[in-house]
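As stored in data.csv (CSV, C-alpha atoms):
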chain,number,residue,atom,x,y,z
A,1,GLN,CA,4.4,-20.7,-2.6
A,2,ARG,CA,5.2,-17.3,-1.3
A,3,ARG,CA,8.6,-16.0,-2.2
A,4,ARG,CA,10.8,-14.5,0.5
A,5,GLY,CA,12.9,-11.4,0.1
A,6,ALA,CA,15.3,-9.3,2.1
A,7,GLU,CA,14.4,-6.2,3.9
A,8,ARG,CA,14.6,-3.3,1.4
A,9,SER,CA,16.4,0.1,1.8
A,10,ASN,CA,15.0,3.6,1.2
A,11,HIS,CA,13.0,3.9,-2.1
A,12,GLU,CA,13.9,0.5,-3.4
A,13,GLU,CA,11.2,-1.1,-5.5
A,14,ALA,CA,9.1,-3.6,-3.6
A,15,GLY,CA,7.8,-6.6,-5.4
A,16,LYS,CA,10.5,-6.8,-8.0
A,17,GLY,CA,11.2,-10.5,-8.3
A,18,ALA,CA,8.8,-11.2,-5.5
A,19,VAL,CA,5.4,-10.7,-7.0
A,20,GLY,CA,2.8,-13.1,-5.7
A,21,GLY,CA,1.2,-15.8,-7.9
A,22,PRO,CA,-2.2,-17.4,-7.6
A,23,SER,CA,-1.6,-18.7,-4.0
A,24,ASP,CA,-1.2,-15.0,-3.0
A,25,GLY,CA,-4.6,-14.1,-4.5
A,26,GLY,CA,-3.2,-13.1,-7.9
A,27,GLY,CA,-5.9,-15.2,-9.7
A,28,LYS,CA,-8.8,-14.1,-7.6
A,29,GLY,CA,-10.2,-11.1,-9.3
A,30,ASP,CA,-7.5,-8.5,-8.7
A,31,TYR,CA,-7.5,-7.1,-12.2
A,32,GLY,CA,-7.2,-3.5,-13.4
A,33,GLY,CA,-9.6,-1.8,-15.8
A,34,ASP,CA,-7.7,-3.0,-18.8
A,35,GLY,CA,-8.0,-6.6,-17.9
A,36,ALA,CA,-4.3,-7.0,-17.1
A,37,PRO,CA,-3.5,-8.7,-13.8
A,38,ARG,CA,-2.7,-6.3,-11.0
A,39,ARG,CA,-0.6,-8.4,-8.7
A,40,GLN,CA,0.3,-7.9,-5.0
A,41,VAL,CA,3.2,-5.8,-3.8
A,42,SER,CA,4.9,-7.9,-1.3
A,43,ASP,CA,8.6,-8.2,-0.7
A,44,ARG,CA,8.6,-11.1,1.7
A,45,LEU,CA,10.0,-11.6,5.1
A,46,GLY,CA,9.2,-15.2,6.0
A,47,GLY,CA,6.4,-15.4,8.6
A,48,GLY,CA,4.6,-12.7,10.5
A,49,GLY,CA,2.5,-11.5,7.6
A,50,ASN,CA,-1.2,-11.8,7.0
A,51,PRO,CA,-0.6,-14.7,6.3
A,52,GLY,CA,2.9,-15.8,5.3
A,53,GLY,CA,5.5,-13.2,4.4
A,54,TYR,CA,5.1,-9.4,4.2
A,55,LEU,CA,6.9,-6.2,3.3
A,56,HIS,CA,8.7,-4.9,6.4
A,57,GLY,CA,9.6,-1.3,6.9
A,58,SER,CA,12.0,-0.5,9.8
A,59,ILE,CA,14.7,1.5,8.1
A,60,SER,CA,17.8,3.4,9.3
A,61,GLU,CA,17.7,7.0,8.3
A,62,PRO,CA,21.2,8.5,8.2
A,63,THR,CA,19.9,11.4,6.0
A,64,ASN,CA,16.4,11.6,7.5
A,65,THR,CA,14.8,10.7,4.2
A,66,THR,CA,11.3,9.2,4.1
A,67,PRO,CA,11.2,5.5,3.0
A,68,PHE,CA,8.6,4.3,0.5
A,69,ALA,CA,7.6,1.0,-1.0
A,70,SER,CA,7.2,1.4,-4.8
A,71,ALA,CA,4.7,-0.7,-6.7
A,72,PRO,CA,6.0,-2.8,-9.7
A,73,ALA,CA,4.9,-2.1,-13.3
A,74,ALA,CA,1.9,-4.5,-13.0
A,75,TYR,CA,0.1,-1.7,-11.1
A,76,LEU,CA,0.8,1.1,-13.5
A,77,GLY,CA,-0.7,2.4,-16.7
A,78,SER,CA,-4.2,3.7,-17.4
A,79,TRP,CA,-6.5,3.9,-14.3
A,80,THR,CA,-9.2,5.9,-16.2
A,81,ALA,CA,-11.6,2.9,-16.1
A,82,LEU,CA,-11.1,2.7,-12.3
A,83,ASP,CA,-12.1,6.3,-11.6
A,84,GLY,CA,-15.0,6.3,-9.2
A,85,VAL,CA,-15.3,2.5,-9.1
A,86,GLY,CA,-11.9,1.0,-8.3
A,87,ALA,CA,-9.9,0.8,-5.1
A,88,ILE,CA,-6.5,-0.1,-3.6
A,89,HIS,CA,-6.9,-2.7,-0.8
A,90,PHE,CA,-4.0,-3.4,1.6
A,91,ASP,CA,-3.2,-4.7,5.0
A,92,TYR,CA,-1.1,-2.7,7.5
A,93,ARG,CA,0.4,-3.4,10.9
A,94,ARG,CA,2.4,-1.2,13.3
A,95,PHE,CA,4.8,-3.5,15.2
A,96,SER,CA,6.6,-0.8,17.2
A,97,ASN,CA,6.6,3.0,17.5
A,98,GLY,CA,10.4,3.0,17.9
A,99,GLY,CA,12.7,4.5,20.5
A,100,GLY,CA,12.8,7.7,22.5
A,101,SER,CA,9.8,10.1,22.5
A,102,VAL,CA,7.3,10.4,19.7
A,103,LEU,CA,7.3,13.8,18.0
A,104,ALA,CA,4.5,13.1,15.5
A,105,TYR,CA,2.3,10.4,14.2
A,106,LEU,CA,1.8,10.4,10.4
A,107,PRO,CA,-1.2,9.1,8.5
A,108,LEU,CA,-1.2,6.1,6.2
A,109,ALA,CA,-0.2,7.5,2.8
A,110,ILE,CA,-0.2,6.4,-0.9
A,111,GLU,CA,1.2,8.6,-3.6
A,112,ILE,CA,0.6,8.3,-7.4
A,113,THR,CA,2.2,10.2,-10.2
A,114,GLY,CA,1.4,10.3,-13.9
A,115,GLY,CA,-0.4,12.0,-16.7
A,116,THR,CA,0.7,13.6,-20.0
A,117,ALA,CA,2.5,16.6,-18.5
A,118,ASN,CA,6.2,16.9,-17.8
A,119,PRO,CA,6.8,17.0,-14.9
A,120,ALA,CA,4.2,14.4,-14.0
A,121,GLY,CA,1.0,15.2,-12.0
A,122,ARG,CA,0.9,14.0,-8.4
A,123,ALA,CA,-1.9,13.0,-6.0
A,124,VAL,CA,-1.8,11.7,-2.4
A,125,TRP,CA,-4.3,9.6,-0.4
A,126,ASN,CA,-4.1,9.9,3.4
A,127,GLY,CA,-5.7,7.3,5.5
A,128,PRO,CA,-6.1,7.1,9.3
A,129,THR,CA,-3.3,7.9,11.7
A,130,ILE,CA,-2.2,4.9,13.7
A,131,VAL,CA,-1.0,5.6,17.2
A,132,GLN,CA,-0.6,2.3,18.9
A,133,PRO,CA,1.0,-0.9,17.7
A,134,GLY,CA,-1.5,-3.7,17.0
A,135,ASP,CA,-2.5,-6.5,14.8
A,136,TRP,CA,-3.0,-6.6,11.0
A,137,LYS,CA,-5.9,-4.6,9.7
A,138,GLY,CA,-7.3,-4.0,6.2
A,139,TYR,CA,-7.6,-0.6,4.7
A,140,VAL,CA,-9.1,0.7,1.4
A,141,ALA,CA,-8.1,3.7,-0.7
A,142,ARG,CA,-10.9,4.4,-3.1
A,143,ILE,CA,-9.9,5.7,-6.5
A,144,ARG,CA,-12.1,8.8,-6.6
A,145,ALA,CA,-11.1,12.4,-6.7
A,146,ALA,CA,-12.8,13.3,-3.4
A,147,ASP,CA,-10.6,10.9,-1.5
A,148,TRP,CA,-7.2,12.2,-2.9
A,149,THR,CA,-5.4,15.5,-2.7
A,150,VAL,CA,-4.1,16.6,-6.1
A,151,VAL,CA,-0.7,18.2,-5.6
A,152,ALA,CA,0.2,18.8,-9.2
A,153,GLY,CA,-1.7,18.4,-12.5
A,154,SER,CA,-5.3,17.2,-12.7
A,155,TRP,CA,-6.9,14.1,-11.4
A,156,SER,CA,-8.3,12.9,-14.7
A,157,ASP,CA,-5.0,13.5,-16.5
A,158,ILE,CA,-3.0,11.6,-13.8
A,159,LEU,CA,-5.2,8.6,-14.2
A,160,THR,CA,-4.6,8.4,-18.0
A,161,ASN,CA,-1.1,7.1,-17.3
A,162,VAL,CA,-0.1,6.3,-13.8
A,163,ARG,CA,3.7,6.2,-13.8
A,164,SER,CA,4.3,5.4,-10.2
A,165,MET,CA,2.5,4.3,-7.0
A,166,ARG,CA,4.3,4.2,-3.7
A,167,MET,CA,3.3,3.7,0.0
A,168,GLN,CA,5.0,5.4,2.9
A,169,LEU,CA,6.8,3.1,5.2
A,170,GLU,CA,7.8,5.5,8.1
A,171,LEU,CA,4.8,6.7,10.0
A,172,VAL,CA,6.2,7.8,13.3
A,173,SER,CA,8.7,10.7,13.9
A,174,ASN,CA,10.7,9.8,17.1
A,175,THR,CA,13.7,11.2,18.8
A,176,GLN,CA,16.1,8.2,18.7
A,177,LYS,CA,16.6,4.8,17.1
A,178,PRO,CA,15.3,2.2,16.6
A,179,GLU,CA,12.9,3.6,14.0
A,180,ASP,CA,9.2,2.7,14.0
A,181,SER,CA,8.5,-0.8,12.6
A,182,ASN,CA,5.7,-1.3,10.1
A,183,GLY,CA,4.3,-4.0,7.8
A,184,ILE,CA,2.4,-4.0,4.6
A,185,ASP,CA,0.8,-7.0,2.9
A,186,ASN,CA,-1.8,-8.1,0.4
A,187,VAL,CA,-1.8,-4.9,-1.7
A,188,ARG,CA,-4.4,-5.2,-4.5
A,189,LEU,CA,-5.6,-2.8,-7.1
A,190,CYS,CA,-9.3,-3.8,-7.7
A,191,ALA,CA,-11.3,-2.9,-10.7
A,192,SER,CA,-14.5,-2.5,-8.7
A,193,ASP,CA,-15.0,-1.4,-5.1
A,194,SER,CA,-17.9,-3.4,-3.7
A,195,GLY,CA,-18.8,-2.7,-0.1
A,196,ALA,CA,-19.5,-6.4,0.2
A,197,ASP,CA,-15.8,-7.3,-0.5
A,198,LEU,CA,-15.0,-7.5,3.2
A,199,ASP,CA,-11.6,-9.3,2.8
A,200,GLY,CA,-10.3,-7.1,0.1
A,201,ASP,CA,-9.5,-9.9,-2.4
A,202,CYS,CA,-11.3,-8.1,-5.3
A,203,ALA,CA,-14.1,-10.8,-5.3
A,204,VAL,CA,-17.4,-11.1,-3.4
A,205,ASP,CA,-17.6,-14.7,-2.3
A,206,GLY,CA,-18.1,-17.2,0.5
A,207,ALA,CA,-15.2,-15.8,2.5
A,208,ASP,CA,-16.9,-12.4,2.7
A,209,LEU,CA,-20.1,-14.0,3.8
A,210,GLY,CA,-18.2,-15.8,6.6
A,211,LEU,CA,-16.8,-12.5,7.8
A,212,LEU,CA,-20.2,-10.9,7.7
A,213,LEU,CA,-21.8,-13.7,9.7
A,214,GLY,CA,-19.0,-13.8,12.2
A,215,ALA,CA,-19.1,-10.0,12.8
What would you get if you wrote out this structure as structure tokens?
Amino acid sequence: QRRRGAERSNHEEAGKGAVGGPSDGGGKGDYGGDGAPRRQVSDRLGGGGNPGGYLHGSISEPTNTTPFASAPAAYLGSWTALDGVGAIHFDYRRFSNGGGSVLAYLPLAIEITGGTANPAGRAVWNGPTIVQPGDWKGYVARIRAADWTVVAGSWSDILTNVRSMRMQLELVSNTQKPEDSNGIDNVRLCASDSGADLDGDCAVDGADLGLLLGA
């Protein structure tokens, strides 16, 4: 049973009290390098997700801050064993670009902070830039230094103790409200990134074969 939640405001932690169980894929191989379950970030709006509920970002910005969805503690800790082999899988959908004229489109973005230093090190992954609203689509952020920009600290040190992981929810800069409307669903931290895992559930199985044969 997927649990439903209310739409969240800027920087509020997604997934708190709404972390998916086995029916969300929590028991299908989405484990971190230390063997602890890495569950899905998904604050639920009922219906409209991929499938079921999803995390919805369409947020009023009285101070022009950038809204993020922060991962719960199950995602954090040591990622050292994931370096070069792990990946973050997630589904994303642009529902609307918002009102007025578009000033800029921003790429999909994930930020992690961590390490032994104080202040913490920081690294950012940038994915493709989505221009047009469309259907749900899966994306992969591989956990390897070449795919991330280290803003502070060092890549190897950040991975020793990941303290936060957050995904940007506003991806269009426009001239008037309503803001752009985005959805995130099925976020998984996978211990191994196999090119054969086509559905991003952290397991290579019959579902992936079906997608391959149907391509």
How many Å separate atom CA of Val102 of chain A from atom CA of Ala141 of chain A?
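Interatomic distance here is 26.4 Å.
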Atom CA of Gln176 of chain A to atom CA of Leu103 of chain A: how many Å, to one decimal?
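Atom CA of Gln176 of chain A sits 10.5 Å away from atom CA of Leu103 of chain A.
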So the first atom is atom CA of Leu189 of chain A and the second is atom CA of Ala87 of chain A; what is the distance between them in Å, to one decimal place?
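Straight-line distance from atom CA of Leu189 of chain A to atom CA of Ala87 of chain A works out to 6.0 Å.
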Polymer residues at most 8 Å from Thr116 of chain A, all atoms listed in the file, same-chain spacing of 5 or more positions, as a ChimeraX atom specification:
/A:157-158,160-161
From the set A:Ile110, A:Ile143, A:Cys202, A:Ile130, which residue has the shortest atom-to-atom contact distance to Ser156 of chain A, counting only C-alpha atoms?
A:Ile143
With only C-alpha atoms as the counted atoms, please give the residues lying no more than 9 Å from Gln168 of chain A, apart from itself and same-chain residues fewer than 5 positions off, as a list in words.
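The contact residues come out as Thr66, Pro67, Phe68, Ala69, Ser70, Leu108, Ala109, Ile110 and Glu111 of chain A.
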Among the residues A:Asn186, A:Thr113, A:Asn126, A:Ser192, the one that comes closest to Asn50 of chain A [using only C-alpha atoms]:
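For Asn50 of chain A, the nearest of the given residues is A:Asn186.
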Selected residue of minimal separation from Ala71 of chain A among A:Val162, A:Ala191, A:Leu209, A:Leu171, counting all atoms listed in the file
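Looking only at the distances to Ala71 of chain A, the closest residue turns out to be A:Val162.
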Top pick for closest residue to Ala152 of chain A, considering A:Gly100, A:Gly138, A:Gly115, A:Gly210 and counting only C-alpha atoms
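Once distances to Ala152 of chain A are computed over only C-alpha atoms, the minimum belongs to A:Gly115.
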Using only C-alpha atoms, which residue out of A:Arg166, A:Ala207, A:Gly77, A:Leu82 lies closest to Val187 of chain A?
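Looking only at the distances to Val187 of chain A, the closest residue turns out to be A:Arg166.
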So, with only C-alpha atoms as the atoms that count, which of A:Leu159, A:Val131, A:Ala120, A:Leu169 lies closest to Thr80 of chain A?
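Under the stated criterion, the closest residue is A:Leu159.
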